[in-house]
$ cat input.txt   # compact mmCIF, C-alpha atoms
# COMPACT_ATOMS: atom_id res chain seq x y z
CA MET A 1064 0.00 0.00 0.00
CA ALA A 1065 2.74 2.46 0.96
CA PRO A 1066 4.53 2.57 -2.44
CA PHE A 1067 1.17 3.07 -4.15
CA GLN A 1068 0.41 5.95 -1.81
CA VAL A 1069 3.78 7.56 -2.50
CA TRP A 1070 3.13 7.27 -6.23
CA LEU A 1071 -0.40 8.65 -5.84
CA VAL A 1072 0.76 11.65 -3.82
CA HIS A 1073 3.39 12.42 -6.44
CA ALA A 1074 0.93 12.02 -9.33
CA LEU A 1075 -1.65 14.24 -7.63
CA SER A 1076 0.78 16.96 -6.62
CA THR A 1077 2.10 17.29 -10.17
CA ALA A 1078 -1.29 16.89 -11.89
CA SER A 1079 -2.18 20.54 -12.33
CA PRO A 1080 0.00 23.52 -11.41
CA ALA A 1081 -2.87 25.85 -12.34
CA VAL A 1082 -5.18 24.27 -9.75
CA ALA A 1083 -2.48 24.39 -7.09
CA ARG A 1084 -1.81 28.05 -7.85
CA PHE A 1085 -5.50 28.88 -7.59
CA MET A 1086 -5.88 26.94 -4.34
CA HIS A 1087 -2.88 28.71 -2.80
CA SER A 1088 -4.31 32.12 -3.62
CA VAL A 1089 -5.92 33.97 -0.71
CA TRP A 1090 -9.52 32.97 -1.42
CA GLY A 1091 -8.89 29.80 -3.42
CA TRP A 1092 -9.21 27.24 -0.65
CA PRO A 1093 -12.17 28.84 1.20
CA PHE A 1094 -13.95 29.32 -2.14
CA ALA A 1095 -13.56 25.64 -3.05
CA GLU A 1096 -14.66 24.65 0.46
CA SER A 1097 -17.82 26.74 0.18
CA ILE A 1098 -18.67 25.06 -3.13
CA HIS A 1099 -17.96 21.68 -1.51
CA PHE A 1100 -20.48 22.37 1.28
CA ILE A 1101 -23.12 23.77 -1.10
CA GLY A 1102 -22.67 20.69 -3.29
CA LEU A 1103 -23.06 18.51 -0.19
CA CYS A 1104 -26.48 20.04 0.54
CA LEU A 1105 -27.56 19.80 -3.10
CA LEU A 1106 -26.64 16.11 -3.08
CA LEU A 1107 -27.93 15.15 0.35
CA GLY A 1108 -31.32 16.89 0.07
CA PRO A 1109 -32.66 14.82 -2.85
CA VAL A 1110 -30.91 11.64 -1.64
CA VAL A 1111 -32.34 11.86 1.90
CA MET A 1112 -35.83 12.70 0.64
CA PHE A 1113 -35.76 9.87 -1.90
CA ASP A 1114 -34.52 7.36 0.69
CA LEU A 1115 -37.16 8.49 3.19
CA ARG A 1116 -39.80 8.08 0.49
CA LEU A 1117 -38.62 4.52 -0.20
CA LEU A 1118 -38.91 3.89 3.54
CA GLY A 1119 -42.53 5.02 3.50
CA VAL A 1120 -42.46 8.76 4.27
CA ALA A 1121 -44.76 10.94 2.08
CA LYS A 1122 -46.44 7.92 0.47
CA ARG A 1123 -48.67 10.10 -1.71
CA ILE A 1124 -45.66 11.38 -3.65
CA PRO A 1125 -45.08 9.05 -6.63
CA ILE A 1126 -41.54 7.64 -6.31
CA VAL A 1127 -40.88 8.20 -10.02
CA ALA A 1128 -41.94 11.88 -9.70
CA LEU A 1129 -39.65 12.46 -6.71
CA HIS A 1130 -36.82 10.88 -8.69
CA LYS A 1131 -36.80 13.99 -10.92
CA LEU A 1132 -34.92 15.74 -8.09
CA ILE A 1133 -32.05 13.24 -8.29
CA PRO A 1134 -30.32 14.97 -11.25
CA PHE A 1135 -29.81 17.98 -8.95
CA GLY A 1136 -28.20 15.64 -6.46
CA LEU A 1137 -25.88 14.55 -9.26
CA ILE A 1138 -24.99 18.20 -9.94
CA GLY A 1139 -24.14 18.50 -6.25
CA PHE A 1140 -22.01 15.36 -6.50
CA ALA A 1141 -20.20 16.74 -9.55
CA MET A 1142 -19.48 20.01 -7.68
CA ASN A 1143 -17.99 17.96 -4.87
CA ALA A 1144 -16.01 15.65 -7.12
CA VAL A 1145 -14.40 18.69 -8.78
CA THR A 1146 -13.66 20.64 -5.59
CA GLY A 1147 -12.63 17.44 -3.79
CA SER A 1148 -10.09 16.70 -6.53
CA MET A 1149 -8.82 20.25 -6.17
CA PHE A 1150 -8.13 19.68 -2.45
CA LEU A 1151 -6.42 16.40 -3.29
CA MET A 1152 -4.21 17.94 -5.96
CA THR A 1153 -3.14 20.74 -3.63
CA GLU A 1154 -2.38 18.88 -0.39
CA PRO A 1155 -2.33 15.19 -1.44
CA ASP A 1156 -0.36 13.90 1.55
CA GLN A 1157 -2.94 15.38 3.96
CA TYR A 1158 -5.53 13.02 2.48
CA ILE A 1159 -3.72 9.98 1.14
CA TYR A 1160 -2.17 9.24 4.57
CA ASN A 1161 -5.24 10.24 6.58
CA PRO A 1162 -7.29 7.33 8.06
CA SER A 1163 -10.40 9.52 8.05
CA PHE A 1164 -10.01 9.94 4.28
CA HIS A 1165 -9.65 6.17 3.85
CA PHE A 1166 -13.01 5.70 5.55
CA LYS A 1167 -14.56 8.50 3.53
CA VAL A 1168 -13.48 6.84 0.27
CA LEU A 1169 -14.71 3.46 1.54
CA PHE A 1170 -18.15 4.89 2.40
CA LEU A 1171 -18.29 6.73 -0.94
CA THR A 1172 -17.55 3.51 -2.80
CA VAL A 1173 -20.26 1.60 -0.94
CA ALA A 1174 -22.72 4.47 -1.44
CA GLY A 1175 -21.98 4.49 -5.19
CA THR A 1176 -22.27 0.72 -5.58
CA ASN A 1177 -25.46 0.78 -3.52
CA ALA A 1178 -26.97 3.49 -5.76
CA LEU A 1179 -26.03 1.45 -8.83
CA SER A 1180 -27.70 -1.63 -7.35
CA PHE A 1181 -30.87 0.42 -6.88
CA TYR A 1182 -31.13 0.89 -10.65
CA LEU A 1183 -30.19 -2.73 -11.36
CA ILE A 1184 -32.56 -4.37 -8.86
CA PRO A 1185 -35.77 -2.61 -7.71
CA TRP A 1186 -35.99 0.39 -10.07
CA ARG A 1187 -38.00 -1.29 -12.84
CA ARG A 1188 -40.43 -2.82 -10.38
CA ILE A 1189 -40.91 0.57 -8.74
CA GLY A 1190 -42.06 1.99 -12.09
CA ARG A 1191 -44.95 -0.52 -12.11
CA LEU A 1192 -46.06 0.05 -8.49
CA GLU A 1193 -49.64 1.08 -7.71
CA PRO A 1194 -49.76 4.65 -6.32
CA GLY A 1195 -49.06 4.61 -2.59
CA ALA A 1196 -47.90 0.97 -2.58
CA PRO A 1197 -44.88 0.31 -0.35
CA ALA A 1198 -41.49 0.08 -2.08
CA PRO A 1199 -40.05 -3.44 -2.48
CA ARG A 1200 -37.99 -4.74 0.41
CA SER A 1201 -34.77 -4.52 -1.63
CA ALA A 1202 -35.40 -0.80 -2.20
CA ARG A 1203 -35.91 -0.23 1.51
CA ILE A 1204 -32.66 -2.00 2.36
CA ILE A 1205 -30.86 0.10 -0.26
CA ALA A 1206 -32.39 3.26 1.27
CA VAL A 1207 -31.08 2.39 4.74
CA VAL A 1208 -27.61 1.60 3.36
CA SER A 1209 -27.65 4.86 1.39
CA LEU A 1210 -28.61 7.00 4.42
CA SER A 1211 -25.95 5.36 6.61
CA MET A 1212 -23.20 5.60 3.99
CA TRP A 1213 -23.80 9.28 3.26
CA MET A 1214 -23.77 10.01 6.98
CA GLY A 1215 -20.47 8.12 7.06
CA VAL A 1216 -19.12 10.20 4.18
CA ILE A 1217 -19.96 13.42 6.07
CA ILE A 1218 -18.41 12.12 9.28
CA GLY A 1219 -15.26 10.96 7.43
CA GLY A 1220 -15.00 14.33 5.70
CA ARG A 1221 -15.47 16.31 8.87
CA MET A 1222 -12.96 14.25 10.85
CA LEU A 1223 -10.21 14.79 8.24
CA THR A 1224 -8.82 17.83 10.03
CA PHE A 1225 -8.62 15.98 13.35
CA TYR A 1226 -6.61 13.08 11.94
CA ARG A 1227 -3.97 15.01 10.06
CA PRO A 1228 -1.04 12.65 9.50
CA GLY A 1229 2.32 13.68 10.92
CA VAL A 1230 5.68 12.97 9.32
CA CYS A 1231 6.84 9.36 9.75
CA GLY A 1232 9.63 8.44 12.11
CA PRO A 1233 12.63 6.38 10.93
CA ALA A 1234 10.50 3.19 10.96
CA GLY A 1235 8.47 4.50 8.04
CA PRO A 1236 4.72 4.14 7.51
CA GLY A 1237 2.68 1.24 8.90
CA PHE A 1238 0.28 -0.99 7.01
CA LEU A 1239 -2.15 1.77 6.03
CA ALA A 1240 0.61 4.42 6.07
CA GLU A 1241 -0.98 6.77 8.58
CA CYS A 1242 1.95 9.14 8.50
CA ILE A 1243 3.72 10.95 5.69
CA PRO A 1244 6.88 9.09 4.64
CA ARG A 1245 9.94 11.18 3.85
CA VAL A 1246 10.55 10.74 0.15
CA ARG A 1247 13.48 12.08 -1.80
CA ARG A 1248 12.31 13.73 -4.96
CA MET B 852 -18.74 42.36 27.12
CA TYR B 853 -15.19 41.06 27.05
CA ARG B 854 -15.42 40.02 30.68
CA ALA B 855 -18.55 38.01 29.93
CA LEU B 856 -16.84 36.26 27.00
CA GLY B 857 -13.84 35.52 29.17
CA TRP B 858 -16.10 34.02 31.82
CA LEU B 859 -17.86 31.92 29.15
CA GLU B 860 -14.50 30.60 27.94
CA SER B 861 -13.62 29.57 31.48
CA THR B 862 -16.77 27.48 32.03
CA ALA B 863 -16.37 23.72 32.24
CA PHE B 864 -18.38 23.08 29.07
CA SER B 865 -16.40 25.57 26.98
CA THR B 866 -13.12 24.11 28.21
CA TRP B 867 -14.33 20.58 27.51
CA MET B 868 -15.33 21.53 23.96
CA ARG B 869 -11.91 23.04 23.26
CA GLU B 870 -9.56 20.78 25.13
CA ASP B 871 -11.02 17.29 25.43
CA PRO B 872 -9.28 15.04 22.90
CA SER B 873 -12.45 12.91 22.56
CA ILE B 874 -13.92 12.88 19.07
CA PHE B 875 -17.28 13.56 20.72
CA ALA B 876 -16.13 16.99 21.87
CA PHE B 877 -15.30 19.58 19.20
CA PRO B 878 -15.01 17.21 16.17
CA GLY B 879 -18.27 15.41 16.99
CA VAL B 880 -20.23 18.62 17.51
CA LEU B 881 -18.85 20.01 14.25
CA THR B 882 -19.93 16.83 12.46
CA VAL B 883 -23.44 17.10 13.91
CA HIS B 884 -23.52 20.72 12.67
CA THR B 885 -22.71 19.48 9.15
CA ILE B 886 -25.36 16.74 9.21
CA GLY B 887 -27.96 19.23 10.44
CA MET B 888 -26.97 21.58 7.62
CA ALA B 889 -27.39 18.82 5.06
CA LEU B 890 -30.93 18.18 6.33
CA ILE B 891 -32.25 21.71 6.60
CA VAL B 892 -30.48 23.23 3.60
CA GLY B 893 -30.68 20.09 1.46
CA ILE B 894 -34.40 19.56 1.91
CA GLY B 895 -35.07 23.32 1.95
CA VAL B 896 -33.37 23.81 -1.40
CA ALA B 897 -35.17 20.76 -2.84
CA LEU B 898 -38.47 22.39 -1.80
CA ASP B 899 -37.35 25.64 -3.45
CA LEU B 900 -36.50 23.74 -6.64
CA ARG B 901 -39.95 22.15 -6.66
CA ILE B 902 -41.54 25.61 -6.35
CA LEU B 903 -39.32 26.85 -9.18
CA GLY B 904 -40.75 24.13 -11.41
CA VAL B 905 -38.57 21.05 -11.00
CA ALA B 906 -40.26 17.64 -10.48
CA ARG B 907 -43.76 18.92 -11.21
CA GLY B 908 -45.18 15.45 -10.73
CA VAL B 909 -44.57 15.83 -6.97
CA PRO B 910 -47.81 17.05 -5.29
CA ILE B 911 -46.54 20.18 -3.55
CA GLY B 912 -48.75 19.74 -0.47
CA GLU B 913 -47.13 16.37 0.23
CA MET B 914 -43.73 18.04 0.60
CA LYS B 915 -45.01 18.85 4.08
CA ARG B 916 -44.07 15.29 5.13
CA PHE B 917 -40.38 16.19 4.82
CA PHE B 918 -40.63 19.14 7.18
CA PRO B 919 -40.02 17.09 10.35
CA ALA B 920 -36.65 15.98 8.93
CA MET B 921 -35.90 19.63 8.22
CA TRP B 922 -36.90 20.79 11.72
CA PHE B 923 -34.81 17.95 13.15
CA GLY B 924 -31.82 19.32 11.21
CA LEU B 925 -32.59 22.83 12.42
CA TRP B 926 -32.65 21.77 16.09
CA LEU B 927 -29.43 19.77 15.64
CA ASN B 928 -27.83 22.94 14.31
CA ILE B 929 -29.18 25.26 16.96
CA ALA B 930 -27.85 22.94 19.67
CA SER B 931 -24.49 22.24 17.99
CA GLY B 932 -24.16 25.88 16.90
CA VAL B 933 -24.61 27.11 20.47
CA ALA B 934 -22.03 24.55 21.67
CA LEU B 935 -19.53 25.70 19.02
CA LEU B 936 -20.18 29.32 19.98
CA VAL B 937 -19.61 28.57 23.68
CA ALA B 938 -16.31 26.86 22.78
CA TYR B 939 -14.90 29.98 21.10
CA PRO B 940 -17.26 32.88 21.87
CA ALA B 941 -14.77 35.67 21.15
CA LYS B 942 -13.74 34.08 17.85
CA ALA B 943 -17.27 34.30 16.46
CA LEU B 944 -18.63 37.41 18.15
CA THR B 945 -15.71 39.64 17.16
CA ASN B 946 -16.03 38.59 13.51
CA PRO B 947 -18.48 40.56 11.30
CA VAL B 948 -18.80 37.51 9.02
CA PHE B 949 -20.48 35.65 11.89
CA TYR B 950 -23.27 38.26 11.97
CA LEU B 951 -23.56 37.97 8.20
CA LYS B 952 -24.03 34.21 8.61
CA LEU B 953 -26.71 34.70 11.28
CA THR B 954 -28.50 37.26 9.11
CA CYS B 955 -28.53 34.87 6.13
CA ILE B 956 -29.91 32.07 8.32
CA ALA B 957 -32.56 34.33 9.84
CA LEU B 958 -33.69 35.49 6.38
CA ALA B 959 -33.74 31.91 5.07
CA LEU B 960 -35.88 30.78 8.03
CA VAL B 961 -38.31 33.70 7.66
CA LEU B 962 -38.65 32.84 3.96
CA LEU B 963 -39.14 29.15 4.77
CA ARG B 964 -41.89 29.98 7.27
CA SER B 965 -43.74 32.21 4.89
CA ILE B 966 -43.33 29.79 1.96
CA ARG B 967 -44.71 27.06 4.21
CA ARG B 968 -47.68 29.18 5.27
CA ARG B 969 -48.60 30.11 1.72
CA LEU B 970 -48.02 26.66 0.33
CA PHE B 971 -49.95 24.60 2.81
CA ARG B 972 -52.76 27.00 3.72
CA ASP B 973 -54.90 25.64 0.96
CA ARG B 974 -52.89 23.16 -0.95
CA GLU B 975 -55.31 22.75 -3.87
CA SER B 976 -54.93 26.35 -4.99
CA PHE B 977 -51.41 25.96 -6.34
CA VAL B 978 -50.83 24.69 -9.84
CA ASP B 979 -47.67 24.98 -11.89
CA PRO B 980 -46.24 27.39 -12.71
CA MET B 981 -46.37 28.65 -9.15
CA PRO B 982 -47.24 32.32 -8.50
CA ALA B 983 -44.35 34.65 -9.34
CA ARG B 984 -44.16 35.88 -5.75
CA LEU B 985 -43.72 32.37 -4.42
CA ARG B 986 -41.04 31.60 -7.01
CA LEU B 987 -39.22 34.79 -6.06
CA MET B 988 -39.26 33.72 -2.43
CA ALA B 989 -37.93 30.27 -3.37
CA GLY B 990 -35.10 31.85 -5.38
CA ALA B 991 -34.25 34.20 -2.51
CA SER B 992 -34.26 31.23 -0.14
CA VAL B 993 -31.63 29.42 -2.24
CA GLY B 994 -29.55 32.61 -2.23
CA CYS B 995 -29.78 32.96 1.56
CA TRP B 996 -28.69 29.36 2.16
CA VAL B 997 -25.74 29.75 -0.22
CA GLY B 998 -24.79 32.95 1.62
CA ALA B 999 -25.09 31.26 5.02
CA ILE B 1000 -22.87 28.35 3.97
CA ALA B 1001 -20.22 30.55 2.34
CA ALA B 1002 -20.17 32.88 5.36
CA GLY B 1003 -19.93 29.87 7.67
CA ARG B 1004 -16.95 28.49 5.78
CA LEU B 1005 -15.25 31.88 5.77
CA LEU B 1006 -15.43 32.02 9.59
CA ALA B 1007 -12.38 29.76 9.70
CA TYR B 1008 -10.38 32.25 7.63
CA THR B 1009 -11.57 35.67 8.77
CA TYR B 1010 -11.41 35.66 12.57
CA THR B 1011 -9.00 38.09 14.23
CA LYS B 1012 -9.25 36.81 17.79
CA LEU B 1013 -9.40 33.17 18.82
CA MET B 1014 -9.96 33.76 22.55
CA THR B 1015 -10.16 36.77 24.85
CA THR B 1016 -6.80 35.83 26.33
CA TRP B 1017 -5.15 35.28 22.97

$ encode --input "input.txt" --output "structure tokens"
Amino acid sequence: MAPFQVWLVHALSTASPAVARFMHSVWGWPFAESIHFIGLCLLLGPVVMFDLRLLGVAKRIPIVALHKLIPFGLIGFAMNAVTGSMFLMTEPDQYIYNPSFHFKVLFLTVAGTNALSFYLIPWRRIGRLEPGAPAPRSARIIAVVSLSMWMGVIIGGRMLTFYRPGVCGPAGPGFLAECIPRVRR
Amino acid sequence: MYRALGWLESTAFSTWMREDPSIFAFPGVLTVHTIGMALIVGIGVALDLRILGVARGVPIGEMKRFFPAMWFGLWLNIASGVALLVAYPAKALTNPVFYLKLTCIALALVLLRSIRRRLFRDRESFVDPMPARLRLMAGASVGCWVGAIAAGRLLAYTYTKLMTTW
């Protein structure tokens, strides 16, 4: 894992000098952070409402009609993918060696796979539901997983600052490399 | 004023928030503040989008069912916000951006209340496109939330005093 992380940090830090320059400008970082939080709300609003609907809240709203809000959630996700990459390209070692970031990526991956499984498994059946009928059990399980994973993503993101990795001692990084190895460039 | 802030900083709760290494102290409260934000702003903006004409198949009156989740987020944020303020009272209260944030939130909540009153008073009377006045309020609400979030983020970069003794 450690050599991969060293490679990744190097690749990210050299990916875009323009992004790094912008992020190091006075308002660059706070600006990107603001977008990241606005994107978070834009994503979480539709996702939480949709999951709650699958779990039986607001039964008189047709599930397919409520789904029209999801594209705005995707816009929010895109905003966060872009600004998130900007953070990564500017201070890669603060993320790549941060256990909180590892959990955030893990939760993101599960949330993404879970969302994909929603379209592969219950989505077509949902389109044929009688109005007000409860969502299939698989959809309700997916909703619970989705809500928990997105909460996990927020927690992982928020805890990043409190798990900043320090510089490694002479022993070098451990299994998950929770400190920044000294690398000669 | 300064004496009061200094006293607040010296209280057991304020000290615990700042100094306890537990993730349930400052980091946990900050996380709760973010989750509350996601609920109130996320659902609030989705409601605004519906008023502005998105997802017209959603019966607007039924959006009422999502309000408890929004109020839950609001209470999480009032509680966590007060705790964060008690942790570093001078940091926030000496920063004009903090008052900007509070103003944005107050405006957004006033708009939300009046949107809610209009929308659910007699739910049959609204058909798309929604009345121009309502759409204007929904647009302004999105603007207020964006302002509140940006101002909130800027708090970390614009303070001039961390503590009264600092």

$ atom_distance --input "input.txt" --atom1 "CA of Ala1002 (chain B)" --atom2 "CA of Val948 (chain B)"
6.1 Å

$ closest_atom_pairs --input "input.txt" --of "chain B" --to "chain A" --cutoff "8 Å" --atoms "only C-alpha atoms" --output "CSV"
residue,atom,partner,partner_atom,distance
B:Pro878,CA,A:Met1222,CA,6.4
B:Leu881,CA,A:Arg1221,CA,7.4
B:Thr882,CA,A:Arg1221,CA,5.7
B:Thr885,CA,A:Ile1217,CA,7.3
B:Ile886,CA,A:Ile1217,CA,7.1
B:Met888,CA,A:Cys1104,CA,7.3
B:Ala889,CA,A:Cys1104,CA,4.8
B:Leu890,CA,A:Gly1108,CA,6.4
B:Val892,CA,A:Cys1104,CA,6.0
B:Gly893,CA,A:Gly1108,CA,3.5
B:Ile894,CA,A:Gly1108,CA,4.5
B:Gly895,CA,A:Gly1108,CA,7.7
B:Val896,CA,A:Leu1105,CA,7.3
B:Ala897,CA,A:Gly1108,CA,6.2
B:Val905,CA,A:Leu1132,CA,7.1
B:Ala906,CA,A:Lys1131,CA,5.0
B:Arg907,CA,A:Ala1128,CA,7.4
B:Gly908,CA,A:Ala1128,CA,4.9
B:Val909,CA,A:Ala1128,CA,5.5
B:Pro910,CA,A:Ile1124,CA,6.3
B:Glu913,CA,A:Ala1121,CA,6.2
B:Met914,CA,A:Ala1121,CA,7.3
B:Arg916,CA,A:Ala1121,CA,5.4
B:Phe917,CA,A:Met1112,CA,7.1
B:Val997,CA,A:Ile1101,CA,6.6
B:Ile1000,CA,A:Ser1097,CA,6.5
B:Ala1001,CA,A:Ser1097,CA,5.0
B:Arg1004,CA,A:Ser1097,CA,5.9
B:Leu1005,CA,A:Pro1093,CA,6.3
B:Tyr1008,CA,A:Pro1093,CA,7.5

$ atom_distance --input "input.txt" --atom1 "CA of Ser865 (chain B)" --atom2 "CA of Leu925 (chain B)"
21.9 Å

$ residues_around --input "input.txt" --residues "Ala941 (chain B)" --least-positions-apart "2" --cutoff "12 Å" --atoms "all atoms listed in the file" --output "PyMOL selection string"
chain B and resi 852-860+865+935-939+943-947+949+1010-1017

$ residues_around --input "input.txt" --residues "Ala1078 (chain A)" --least-positions-apart "3" --cutoff "7 Å" --atoms "all atoms listed in the file" --output "list of chain:residue names"
A:Ala1074, A:Leu1075, A:Met1152

$ atom_distance --input "input.txt" --atom1 "CA of Pro1199 (chain A)" --atom2 "CA of Ile911 (chain B)"
24.5 Å

$ residues_near_point --input "input.txt" --point "(-36.4, 27.1, -0.8)" --cutoff "6 Å" --atoms "all atoms listed in the file" --output "tab-separated table (two decimals) with C-alpha atoms, in the frame of the given file"
chain	number	residue	atom	x	y	z
B	895	GLY	CA	-35.07	23.32	1.95
B	896	VAL	CA	-33.37	23.81	-1.40
B	898	LEU	CA	-38.47	22.39	-1.80
B	899	ASP	CA	-37.35	25.64	-3.45
B	989	ALA	CA	-37.93	30.27	-3.37
B	992	SER	CA	-34.26	31.23	-0.14
B	993	VAL	CA	-31.63	29.42	-2.24

$ residues_around --input "input.txt" --residues "Val1168 (chain A)" --least-positions-apart "3" --cutoff "12 Å" --atoms "all atoms listed in the file" --output "number ranges by chain"
A: 1144, 1147, 1158-1159, 1161-1165, 1171-1175, 1212-1213, 1215-1220, 1223

$ write_last_selection --input "input.txt" --atoms "C-alpha atoms" --output "short mmCIF file (atom, residue, chain, number, x, y, z; two decimals), in the coordinates of the input"
data_model
loop_
_atom_site.label_atom_id
_atom_site.label_comp_id
_atom_site.auth_asym_id
_atom_site.auth_seq_id
_atom_site.Cartn_x
_atom_site.Cartn_y
_atom_site.Cartn_z
CA ALA A 1144 -16.01 15.65 -7.12
CA GLY A 1147 -12.63 17.44 -3.79
CA TYR A 1158 -5.53 13.02 2.48
CA ILE A 1159 -3.72 9.98 1.14
CA ASN A 1161 -5.24 10.24 6.58
CA PRO A 1162 -7.29 7.33 8.06
CA SER A 1163 -10.40 9.52 8.05
CA PHE A 1164 -10.01 9.94 4.28
CA HIS A 1165 -9.65 6.17 3.85
CA LEU A 1171 -18.29 6.73 -0.94
CA THR A 1172 -17.55 3.51 -2.80
CA VAL A 1173 -20.26 1.60 -0.94
CA ALA A 1174 -22.72 4.47 -1.44
CA GLY A 1175 -21.98 4.49 -5.19
CA MET A 1212 -23.20 5.60 3.99
CA TRP A 1213 -23.80 9.28 3.26
CA GLY A 1215 -20.47 8.12 7.06
CA VAL A 1216 -19.12 10.20 4.18
CA ILE A 1217 -19.96 13.42 6.07
CA ILE A 1218 -18.41 12.12 9.28
CA GLY A 1219 -15.26 10.96 7.43
CA GLY A 1220 -15.00 14.33 5.70
CA LEU A 1223 -10.21 14.79 8.24
#

$ closest_residue --input "input.txt" --among "A:Met1086, A:Ala1081, A:Cys1242, A:Ala1196" --to "Phe1150 (chain A)" --atoms "only C-alpha atoms"
A:Met1086

$ axis_aligned_box --input "input.txt" --around "region 1064-1069 of chain A" --padding-each-side "4 Å" --output "AutoDock Vina command-line options"
--center_x 2.3 --center_y 3.8 --center_z -1.6 --size_x 12.5 --size_y 15.6 --size_z 13.1

$ closest_residue --input "input.txt" --among "A:Pro1228, A:Ile1184, A:Asp1114, A:Gln1157" --to "Ser1211 (chain A)" --atoms "all atoms listed in the file"
A:Asp1114

$ closest_residue --input "input.txt" --among "A:Gly1091, A:Pro1236, A:Phe1113, A:Tyr1160" --to "Leu1071 (chain A)" --atoms "only C-alpha atoms"
A:Tyr1160
